[in-house]
Amino acid sequence: MSSDRETGREQRIVIVGGGTGGTVVANKLATELREELDAGDVDLTLVTDSPDHVYKPIFLYVAFNRKDVADSRRPNRELLDQRVDLRIDRVVDVDTDARRLAFEGENEALSYDHLVVATGTTLVPETIDGLTDGGHHFYSAAGAERLRDELAEFTSGHLVVSTIGMPHMCPAAPIEFPLIADEWLQKRGCRDDIDITYTYPLERAHGLESVADWVTPLFEERGIGLETSFEVEAVDPDRQTVATTDGRTLEYDLLVTIPPHAGSDLASRADLGDEWIEVDRHTLEATRADDVYAIGDITDVPTSKAGSAAHYQAGVVADRIASEVRGHPPTARYDGKTLCFVETGLEKATFVSFGYDEQPVVRPPSRFVHWAKLAYNESYWLTARGLL
Ligand SMILES: Cc1cc2nc3c(=O)[nH]c(=O)nc-3n(C[C@H](O)[C@H](O)[C@H](O)COP(=O)(O)OP(=O)(O)OC[C@H]3O[C@@H](n4cnc5c(N)ncnc54)[C@H](O)[C@@H]3O)c2cc1C
């Protein structure tokens with residue numbers, strides 16, 4: 001980096017992905033490197049494949065008809081500092097030796113000196129037999145709208161909520177869904193006619209042990225059945241059954257899943273990892289290439305795939321790149337910090353906060369935390385801009 005400073009050549013920072021991680025890192029860099037950007041010593045570009053930024057936590061509320069898909073979207077340009085150049089394009093390859101990005105079609109390649117990859121995860125329901133036809137989910141805008149319409153018609157039978165994908169986005173959403181459904185169905189006067197069963201692929205109800213210990217008696221209290229070590233192998237949409245790898249079968253009338261997730265084929269094409277980008281869990285530097293960072297869901301860091309984790313990682317990487325641009329040693333480190341609100345119904349929530357070496361403590365749910373979650377959902381657009 002110091003050679004660029006010595007030669008006076010402009011340094012080009014490129015960020016791929018206009019979701020939570022990419023947007024926050026772009027805005028933080030625009031603030032940190034304001035002087036260098038204004039002087040033309042640094043160029044900052046965010047490349048993303050959609051003109052809109054999507055705030056996915058809204059989808060949970062869409063399913064229960066409490067929010068609209070439009071509430072989850074804002075144009076990227078509105079959220080980005082004016083110093084950030086925005087390019088709407090899909091990156092198909094990264095040549096980490098030549099430091100160059102390739103795009104779909106004949107679109108012009110883009111060179112970088114510092115690269116941040118924040119391309120998130122991909123949903124792959126088609127990897128489970130019968131799931132696309134047999135199951136619903138709220139993990140995409142279209143999926144949440146379809147589920148909303150289905151739930152509105154659902155007044156009796158067996159609701160099965162099944163986490164299939166590991167890893168999956170958001171540690172909270174799988175348990176929030178049955179807990180909200182319980183109260184939402186009561187309010188609609190049909191809870192007595194509906195059985196709810198929650199299934200999880202591990203031997204306990206949640207990946208985090210303290211969350212599993214807390215939610216297991218809560219499910220019992222709320223009349224929500226629990227099936228653990230439930231590794232879904234196939235769904236039969238005609239018979240309305242879901243089958244596990246160890247031969248168990250569960251009948252359903254409505255199946256809501258956390259669908260399987262995959263990383264990005266960009267990771268393997270660029271040789272940055274096999275599916276997830278391999279990074280140092282503290283510095284977030286790619287282990288297989290120089291001057292490449294990755295943040296958020298696309299990384300292999302051992303914490304939850306959560307927007308809060310992507311946000312904290314963005315701060316660390318912005319700090320490190322700003323140091324590198326100035327020829328200083330980068331010192332910022334990520335400690336695994338993740339914070340998630342957990343709705344426990346229509347009016348109460350709790351939250352968990354944890355790190356690589358810190359297990360979460362689950363506090364009693366309260367109305368205050370529920371309102372804090374709703375307030376955060378509104379103020380998200382400020383945090384994405386880097387204002388909070
Ligand atoms: C229903 C639901 C509820 C959730 N609730 C919470 C919650 O309460 N709290 C929480 O912390 N997290 C929550 N999450 C998780 C959170 O949304 C994600 O962890 C977060 O969005 C990850 O940010 P990211 O920047 O890594 O990826 P994303 O936000 O997914 O952004 C990735 C971006 O990269 C773009 N992109 C992908 N590939 C390319 C390419 N090849 N070229 C160019 N652009 C590309 C995409 O279009 C997208 O803009 C929830 C998720 C869901 C689905």
# chains A, B, ... in the order shown; residues from 1 in each chain; ligands from 1
>>> residues_near_ligand(ligand="ligand 1", cutoff="7 Å", atoms="only C-alpha atoms and all ligand atoms", output="PyMOL selection string")
chain A and resi 16-22+47-50+53-60+89-92+118-121+138-140+169-170+172-173+266+295-298+305-310+339-341
>>> select_by_dssp(residues="range 283-348 of chain A", states="strand (DSSP E)", output="PyMOL selection string")
chain A and resi 292-294+338-343
>>> closest_residue(among="A:Ile175, A:Ala294, A:Val25, A:Ala98", to="Leu208 in chain A", atoms="only C-alpha atoms")
A:Ile175
>>> residues_around(residues="Ala289 in chain A", least_positions_apart="2", cutoff="12 Å", atoms="only C-alpha atoms", output="JSON, numbers by chain")
{"A": [94, 95, 96, 97, 98, 99, 114, 115, 116, 267, 270, 271, 272, 273, 277, 278, 279, 280, 284, 285, 286, 287, 291, 292, 293, 294]}
>>> residues_around(residues="Ala152 in chain A", least_positions_apart="3", cutoff="10 Å", atoms="only C-alpha atoms", output="MDAnalysis selection string")
chainID A and resid 63:65 147:149 155 185 188
>>> write_last_selection(atoms="C-alpha atoms", output="PDB file, in the first residue's frame")
ATOM      1  CA  ALA A  63     -45.846 -13.723   6.598  1.00  0.00           C
ATOM      2  CA  PHE A  64     -48.160 -12.631   9.447  1.00  0.00           C
ATOM      3  CA  ASN A  65     -49.576  -9.755   7.395  1.00  0.00           C
ATOM      4  CA  LEU A 147     -46.952 -17.956   2.996  1.00  0.00           C
ATOM      5  CA  ARG A 148     -49.030 -14.919   4.101  1.00  0.00           C
ATOM      6  CA  ASP A 149     -51.778 -15.923   1.654  1.00  0.00           C
ATOM      7  CA  THR A 155     -57.757 -22.583  10.084  1.00  0.00           C
ATOM      8  CA  LEU A 185     -53.575 -18.211  15.588  1.00  0.00           C
ATOM      9  CA  ARG A 188     -57.737 -15.502  14.965  1.00  0.00           C
TER      10      ARG A 188
END
>>> atom_distance(atom1="CA of Ala26 in chain A", atom2="CA of Glu78 in chain A")
13.0 Å
>>> select_by_dssp(residues="range 137-295 of chain A", states="helix (DSSP H, G or I)", output="PyMOL selection string")
chain A and resi 141-153+173-187+191-193+209-221+265-269
>>> residues_around(residues="Gly130 in chain A", least_positions_apart="6", cutoff="9 Å", atoms="only C-alpha atoms", output="list in words")
Ala234, Val235, Asp236 and Pro237 of chain A
